[in-house]
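*Asks:* Take a look at final_18.pdb, PDB, C-alpha atoms:
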```pdb
ATOM      1  CA  MET A   1     -33.555  18.303 -15.433
ATOM      2  CA  ARG A   2     -33.337  14.638 -14.516
ATOM      3  CA  SER A   3     -32.796  13.424 -10.959
ATOM      4  CA  ARG A   4     -29.895  11.195 -10.005
ATOM      5  CA  THR A   5     -30.449   7.487  -9.511
ATOM      6  CA  ALA A   6     -29.262   5.624  -6.421
ATOM      7  CA  ASP A   7     -26.325   4.162  -8.406
ATOM      8  CA  GLU A   8     -25.133   7.650  -9.347
ATOM      9  CA  HIS A   9     -25.020   8.676  -5.667
ATOM     10  CA  VAL A  10     -22.717   5.796  -4.658
ATOM     11  CA  PRO A  11     -19.443   7.388  -5.916
ATOM     12  CA  LEU A  12     -20.362  10.671  -4.218
ATOM     13  CA  MET A  13     -21.168   8.940  -0.942
ATOM     14  CA  LYS A  14     -17.966   6.878  -1.094
ATOM     15  CA  ARG A  15     -15.908  10.022  -1.749
ATOM     16  CA  ALA A  16     -17.644  11.838   1.130
ATOM     17  CA  MET A  17     -16.842   8.894   3.426
ATOM     18  CA  ASP A  18     -13.211   8.895   2.219
ATOM     19  CA  ILE A  19     -12.821  12.620   2.923
ATOM     20  CA  THR A  20     -14.527  12.423   6.321
ATOM     21  CA  GLY A  21     -12.641   9.279   7.383
ATOM     22  CA  SER A  22      -9.230  10.552   6.314
ATOM     23  CA  LEU A  23      -9.749  13.959   7.951
ATOM     24  CA  ILE A  24     -10.832  12.356  11.235
ATOM     25  CA  ALA A  25      -7.891   9.917  11.120
ATOM     26  CA  LEU A  26      -5.345  12.664  10.383
ATOM     27  CA  VAL A  27      -6.654  14.898  13.179
ATOM     28  CA  LEU A  28      -6.942  12.148  15.791
ATOM     29  CA  LEU A  29      -3.620  10.548  14.872
ATOM     30  CA  SER A  30      -1.651  13.801  14.496
ATOM     31  CA  PRO A  31       0.245  13.376  17.819
ATOM     32  CA  LEU A  32       1.263   9.839  16.784
ATOM     33  CA  LEU A  33       2.216  11.037  13.293
ATOM     34  CA  LEU A  34       4.485  13.664  14.859
ATOM     35  CA  VAL A  35       6.155  11.133  17.182
ATOM     36  CA  ILE A  36       6.768   8.719  14.294
ATOM     37  CA  ALA A  37       8.179  11.511  12.106
ATOM     38  CA  LEU A  38      10.564  12.633  14.868
ATOM     39  CA  THR A  39      11.654   9.067  15.579
ATOM     40  CA  ILE A  40      12.448   8.450  11.906
ATOM     41  CA  LYS A  41      14.379  11.720  11.655
ATOM     42  CA  LEU A  42      16.388  11.009  14.825
ATOM     43  CA  THR A  43      17.268   7.383  14.016
ATOM     44  CA  SER A  44      18.335   7.477  10.356
ATOM     45  CA  LYS A  45      19.431   9.901   7.670
ATOM     46  CA  GLY A  46      16.980  10.892   4.982
ATOM     47  CA  PRO A  47      13.446  12.189   4.586
ATOM     48  CA  VAL A  48      10.592  11.266   6.913
ATOM     49  CA  PHE A  49       8.343  10.177   4.055
ATOM     50  CA  SER A  50       8.913   7.645   1.340
ATOM     51  CA  ARG A  51       7.451   8.832  -1.947
ATOM     52  CA  GLN A  52       6.965   6.207  -4.608
ATOM     53  CA  LYS A  53       5.208   6.363  -7.950
ATOM     54  CA  ARG A  54       2.297   3.906  -7.963
ATOM     55  CA  VAL A  55      -0.357   3.008 -10.505
ATOM     56  CA  GLY A  56      -3.806   4.260  -9.585
ATOM     57  CA  GLN A  57      -7.283   3.902 -10.984
ATOM     58  CA  TYR A  58      -7.371   3.620 -14.804
ATOM     59  CA  GLY A  59      -3.553   3.394 -14.810
ATOM     60  CA  VAL A  60      -3.067   7.012 -13.695
ATOM     61  CA  PRO A  61       0.219   7.304 -11.772
ATOM     62  CA  PHE A  62       0.360   9.084  -8.423
ATOM     63  CA  VAL A  63       2.874   9.639  -5.621
ATOM     64  CA  PHE A  64       2.210   7.115  -2.854
ATOM     65  CA  LEU A  65       3.142   8.269   0.659
ATOM     66  CA  LYS A  66       4.455   6.143   3.513
ATOM     67  CA  PHE A  67       6.652   6.785   6.491
ATOM     68  CA  ARG A  68      10.167   5.860   5.386
ATOM     69  CA  SER A  69      11.065   2.434   6.740
ATOM     70  CA  MET A  70      14.205   1.804   4.669
ATOM     71  CA  TYR A  71      17.622   3.334   4.411
ATOM     72  CA  VAL A  72      17.925   5.853   1.583
ATOM     73  CA  ASN A  73      19.382   4.873  -1.803
ATOM     74  CA  ASN A  74      18.618   1.157  -1.467
ATOM     75  CA  ASP A  75      18.436  -1.389  -4.276
ATOM     76  CA  ALA A  76      14.812  -1.834  -5.440
ATOM     77  CA  SER A  77      15.743  -4.758  -7.714
ATOM     78  CA  ILE A  78      15.560  -7.100  -4.698
ATOM     79  CA  HIS A  79      11.865  -6.311  -4.303
ATOM     80  CA  LYS A  80      11.166  -6.385  -8.040
ATOM     81  CA  GLU A  81      12.657  -9.872  -8.397
ATOM     82  CA  TYR A  82      10.680 -11.208  -5.442
ATOM     83  CA  VAL A  83       7.385  -9.661  -6.613
ATOM     84  CA  GLU A  84       7.781 -11.135 -10.085
ATOM     85  CA  LYS A  85       8.224 -14.598  -8.517
ATOM     86  CA  LEU A  86       5.257 -14.000  -6.197
ATOM     87  CA  ILE A  87       2.931 -12.991  -9.039
ATOM     88  CA  ALA A  88       4.091 -15.960 -11.134
ATOM     89  CA  GLY A  89       3.323 -18.294  -8.195
ATOM     90  CA  LYS A  90       6.992 -19.249  -7.773
ATOM     91  CA  ALA A  91       7.753 -17.454  -4.497
ATOM     92  CA  GLN A  92       8.562 -19.524  -1.433
ATOM     93  CA  LYS A  93       6.980 -18.959   1.961
ATOM     94  CA  HIS A  94       9.485 -17.542   4.449
ATOM     95  CA  SER A  95       9.376 -18.627   8.101
ATOM     96  CA  VAL A  96       8.814 -15.990  10.746
ATOM     97  CA  GLY A  97       9.091 -16.149  14.527
ATOM     98  CA  SER A  98       5.447 -17.187  15.021
ATOM     99  CA  GLY A  99       6.059 -20.420  13.104
ATOM    100  CA  LYS A 100       3.761 -19.281  10.311
ATOM    101  CA  GLY A 101       5.158 -18.652   6.863
ATOM    102  CA  VAL A 102       4.713 -15.423   4.916
ATOM    103  CA  TYR A 103       4.925 -14.464   1.270
ATOM    104  CA  LYS A 104       7.156 -11.425   1.595
ATOM    105  CA  LEU A 105      10.794 -10.529   1.914
ATOM    106  CA  THR A 106      12.056 -11.217   5.429
ATOM    107  CA  LYS A 107      15.333 -10.200   7.045
ATOM    108  CA  ASP A 108      15.627  -7.360   4.543
ATOM    109  CA  SER A 109      18.840  -5.416   5.257
ATOM    110  CA  ARG A 110      17.341  -2.342   3.570
ATOM    111  CA  ILE A 111      14.885  -1.825   6.454
ATOM    112  CA  THR A 112      15.835   0.389   9.414
ATOM    113  CA  ARG A 113      15.277  -0.795  12.979
ATOM    114  CA  ILE A 114      12.359   1.589  13.518
ATOM    115  CA  GLY A 115      11.163   0.737  10.004
ATOM    116  CA  GLY A 116      10.756  -2.915  10.975
ATOM    117  CA  PHE A 117       8.484  -1.898  13.842
ATOM    118  CA  LEU A 118       6.518   0.508  11.642
ATOM    119  CA  ARG A 119       5.941  -2.210   9.052
ATOM    120  CA  ARG A 120       4.933  -4.893  11.577
ATOM    121  CA  THR A 121       2.351  -2.525  13.074
ATOM    122  CA  SER A 122       1.350  -0.947   9.703
ATOM    123  CA  LEU A 123       2.087   2.496  11.154
ATOM    124  CA  ASP A 124       4.179   3.232   8.050
ATOM    125  CA  GLU A 125       0.885   3.322   6.118
ATOM    126  CA  LEU A 126      -0.661   6.266   8.016
ATOM    127  CA  PRO A 127       0.464   8.999   5.553
ATOM    128  CA  GLN A 128      -1.760   7.338   2.942
ATOM    129  CA  PHE A 129      -4.674   9.196   4.545
ATOM    130  CA  ILE A 130      -3.210  12.205   2.707
ATOM    131  CA  ASN A 131      -3.471  10.253  -0.576
ATOM    132  CA  VAL A 132      -7.120   9.527   0.283
ATOM    133  CA  LEU A 133      -7.793  13.173   1.057
ATOM    134  CA  LYS A 134      -6.290  14.161  -2.316
ATOM    135  CA  GLY A 135      -8.580  11.675  -4.101
ATOM    136  CA  GLU A 136      -5.754   9.415  -5.335
ATOM    137  CA  MET A 137      -6.765   6.566  -3.054
ATOM    138  CA  SER A 138      -9.804   5.396  -1.128
ATOM    139  CA  LEU A 139     -10.127   4.019   2.388
ATOM    140  CA  VAL A 140     -11.095   0.619   0.920
ATOM    141  CA  GLY A 141      -9.822  -0.814  -2.357
ATOM    142  CA  PRO A 142      -7.040  -2.890  -3.895
ATOM    143  CA  ARG A 143      -3.463  -2.103  -2.913
ATOM    144  CA  PRO A 144      -1.851   0.408  -5.296
ATOM    145  CA  ALA A 145       0.696  -1.399  -7.423
ATOM    146  CA  ILE A 146       4.138  -0.400  -8.644
ATOM    147  CA  ALA A 147       4.416  -0.233 -12.451
ATOM    148  CA  TYR A 148       6.649  -3.341 -12.639
ATOM    149  CA  GLU A 149       4.044  -5.280 -10.658
ATOM    150  CA  VAL A 150       1.275  -4.301 -13.087
ATOM    151  CA  GLU A 151       3.492  -5.395 -16.004
ATOM    152  CA  ALA A 152       3.726  -8.877 -14.447
ATOM    153  CA  TYR A 153      -0.077  -9.209 -13.981
ATOM    154  CA  ASP A 154      -2.260 -11.298 -16.247
ATOM    155  CA  ILE A 155      -4.775  -9.239 -18.227
ATOM    156  CA  TRP A 156      -7.673 -10.113 -15.880
ATOM    157  CA  GLN A 157      -5.642  -9.081 -12.826
ATOM    158  CA  ARG A 158      -4.586  -5.842 -14.455
ATOM    159  CA  ARG A 159      -8.146  -4.942 -15.435
ATOM    160  CA  ARG A 160      -9.546  -5.858 -12.034
ATOM    161  CA  VAL A 161      -6.998  -3.786 -10.114
ATOM    162  CA  LEU A 162      -6.933  -0.744 -12.399
ATOM    163  CA  GLU A 163     -10.696  -0.316 -12.636
ATOM    164  CA  ALA A 164     -11.005   0.464  -8.919
ATOM    165  CA  LYS A 165      -9.484   3.282  -6.925
ATOM    166  CA  PRO A 166      -6.645   1.860  -4.803
ATOM    167  CA  GLY A 167      -7.216   1.735  -1.064
ATOM    168  CA  ILE A 168      -5.468   1.770   2.283
ATOM    169  CA  THR A 169      -7.186  -1.478   3.209
ATOM    170  CA  GLY A 170      -8.939  -4.156   1.233
ATOM    171  CA  LEU A 171      -9.486  -7.853   0.718
ATOM    172  CA  TRP A 172      -5.772  -8.777   0.873
ATOM    173  CA  GLN A 173      -5.301  -7.167   4.300
ATOM    174  CA  VAL A 174      -8.481  -8.708   5.688
ATOM    175  CA  ASN A 175      -7.890 -12.197   4.243
ATOM    176  CA  GLY A 176      -4.450 -12.857   5.650
ATOM    177  CA  ARG A 177      -2.088 -10.247   4.301
ATOM    178  CA  SER A 178       1.388 -11.715   3.646
ATOM    179  CA  ARG A 179       0.337 -15.232   4.657
ATOM    180  CA  ILE A 180      -1.561 -15.896   1.412
ATOM    181  CA  LYS A 181      -0.309 -16.431  -2.115
ATOM    182  CA  PHE A 182      -0.713 -13.622  -4.645
ATOM    183  CA  GLU A 183      -3.443 -15.345  -6.672
ATOM    184  CA  ALA A 184      -5.425 -16.171  -3.511
ATOM    185  CA  GLY A 185      -5.536 -12.474  -2.642
ATOM    186  CA  GLN A 186      -6.943 -11.704  -6.087
ATOM    187  CA  THR A 187     -10.236 -13.539  -5.527
TER     188      THR A 187
END
```
Would you mind writing the file's structure down as structure tokens?
*Replies:*
Amino acid sequence: MRSRTADEHVPLMKRAMDITGSLIALVLLSPLLLVIALTIKLTSKGPVFSRQKRVGQYGVPFVFLKFRSMYVNNDASIHKEYVEKLIAGKAQKHSVGSGKGVYKLTKDSRITRIGGFLRRTSLDELPQFINVLKGEMSLVGPRPAIAYEVEAYDIWQRRRVLEAKPGITGLWQVNGRSRIKFEAGQT
């Protein structure tokens, strides 16, 4: 029987850290999760969670969880059109109150009032700890893409994103989030 090398232990250690981190986060944040869920339920019609099919590691689809920040039955084509422009490098920076521009949809009428707050503070992302616990995501990795986003990627971008397990946080969030162009976040 051969012993494992250090490289073979890395995925096991990363998975153990993902499980431990997501369990701690879910337990410690449970009062906040409950308050957010109640606020969403009391301020708009529809489910508390947004469930969206995303593309995971090796192209395996999974159901991505977020707190719902939009009105139900909205038109996703608005986002699809913008993302295609962003990936192609043709999206314009939108001004925000701070005077800095961002590469994202602003003044989106599909977003609820509480949803705007949840998105600004990234609190809408907290249910993704459940995705981490289930093994669909990791604490750190590339953002999980929607299928139409992956279709718009160049081959190198597609390979780079699909070879790693998607994460709650990663290079894009650390390097400037919506303030950087798509291709700059890919380096």
*Asks:* At what distance in Å, to one decimal, does CA of Ser22 in chain A lie from CA of Glu136 in chain A?
*Replies:* 12.2 Å
*Asks:* Smallest atom-to-atom distance to Leu26 in chain A: which of A:Gln128, A:Thr169, A:Gln157, A:Ser138, using only C-alpha atoms?
*Replies:*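 Among A:Gln128, A:Thr169, A:Gln157, A:Ser138, it is A:Gln128 that comes nearest to Leu26 in chain A.
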*Asks:* Leaving out Gly21 in chain A and any residue of its chain fewer than 4 positions from it, which residues lie within 12 Å of it when counting all atoms listed in the file, given as a ChimeraX atom specification?
*Replies:* /A:13-17,25-29,128-130,132-133,138-140,168
*Asks:* Put those residues in a file: C-alpha atoms, as an mmCIF file, keeping the file's coordinate frame.
*Replies:*
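For reference, out_16.cif as written:
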```cif
data_model
loop_
_atom_site.group_PDB
_atom_site.id
_atom_site.type_symbol
_atom_site.label_atom_id
_atom_site.label_comp_id
_atom_site.auth_asym_id
_atom_site.auth_seq_id
_atom_site.Cartn_x
_atom_site.Cartn_y
_atom_site.Cartn_z
ATOM 1 C CA MET A 13 -21.168 8.940 -0.942
ATOM 2 C CA LYS A 14 -17.966 6.878 -1.094
ATOM 3 C CA ARG A 15 -15.908 10.022 -1.749
ATOM 4 C CA ALA A 16 -17.644 11.838 1.130
ATOM 5 C CA MET A 17 -16.842 8.894 3.426
ATOM 6 C CA ALA A 25 -7.891 9.917 11.120
ATOM 7 C CA LEU A 26 -5.345 12.664 10.383
ATOM 8 C CA VAL A 27 -6.654 14.898 13.179
ATOM 9 C CA LEU A 28 -6.942 12.148 15.791
ATOM 10 C CA LEU A 29 -3.620 10.548 14.872
ATOM 11 C CA GLN A 128 -1.760 7.338 2.942
ATOM 12 C CA PHE A 129 -4.674 9.196 4.545
ATOM 13 C CA ILE A 130 -3.210 12.205 2.707
ATOM 14 C CA VAL A 132 -7.120 9.527 0.283
ATOM 15 C CA LEU A 133 -7.793 13.173 1.057
ATOM 16 C CA SER A 138 -9.804 5.396 -1.128
ATOM 17 C CA LEU A 139 -10.127 4.019 2.388
ATOM 18 C CA VAL A 140 -11.095 0.619 0.920
ATOM 19 C CA ILE A 168 -5.468 1.770 2.283
#
```
*Asks:* Please indicate the distance in Å from CA of Gly116 in chain A to CA of Ile19 in chain A, rounded to one decimal place.
*Replies:*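 The value is 29.4 Å.
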*Asks:* If you measure from CA of Tyr148 in chain A to CA of Arg51 in chain A, what distance in Å do you get, rounded to one decimal?
*Replies:*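 For CA of Tyr148 in chain A relative to CA of Arg51 in chain A, the distance reads 16.2 Å.
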*Asks:* Near Gly56 in chain A, counting only C-alpha atoms, which residues have an atom at most 10 Å away, once you skip same-chain residues fewer than 3 positions from it, shown as number ranges by chain?
*Replies:* A: 53, 59-64, 136-137, 142-147, 161-167
*Asks:* Convert the current residue selection to file output with C-alpha atoms, as a CSV table (one decimal), keeping the file's coordinate frame.
*Replies:*
```
chain,number,residue,atom,x,y,z
A,53,LYS,CA,5.2,6.4,-8.0
A,59,GLY,CA,-3.6,3.4,-14.8
A,60,VAL,CA,-3.1,7.0,-13.7
A,61,PRO,CA,0.2,7.3,-11.8
A,62,PHE,CA,0.4,9.1,-8.4
A,63,VAL,CA,2.9,9.6,-5.6
A,64,PHE,CA,2.2,7.1,-2.9
A,136,GLU,CA,-5.8,9.4,-5.3
A,137,MET,CA,-6.8,6.6,-3.1
A,142,PRO,CA,-7.0,-2.9,-3.9
A,143,ARG,CA,-3.5,-2.1,-2.9
A,144,PRO,CA,-1.9,0.4,-5.3
A,145,ALA,CA,0.7,-1.4,-7.4
A,146,ILE,CA,4.1,-0.4,-8.6
A,147,ALA,CA,4.4,-0.2,-12.5
A,161,VAL,CA,-7.0,-3.8,-10.1
A,162,LEU,CA,-6.9,-0.7,-12.4
A,163,GLU,CA,-10.7,-0.3,-12.6
A,164,ALA,CA,-11.0,0.5,-8.9
A,165,LYS,CA,-9.5,3.3,-6.9
A,166,PRO,CA,-6.6,1.9,-4.8
A,167,GLY,CA,-7.2,1.7,-1.1
```
*Asks:* Here's the selection I'm unsure about, the PyMOL selection byres ((chain A and resi 43) around 10); applied to the file above, which residues does it give, as number ranges by chain?
*Replies:* A: 38-42, 44-46, 112-115
*Asks:* Using all atoms listed in the file, which of the listed residues (A:Ser122, A:Leu32, A:Ala152, A:Arg110) sits closest to Glu81 in chain A?
*Replies:*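 Smallest distance to Glu81 in chain A is found for A:Ala152.
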*Asks:* Could you check the closest approach to Leu33 in chain A for each of A:Phe49, A:Arg54, A:Gly170, A:Trp156 and tell me which residue wins, using all atoms listed in the file?
*Replies:*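 Closest to Leu33 in chain A of all the choices is A:Phe49.
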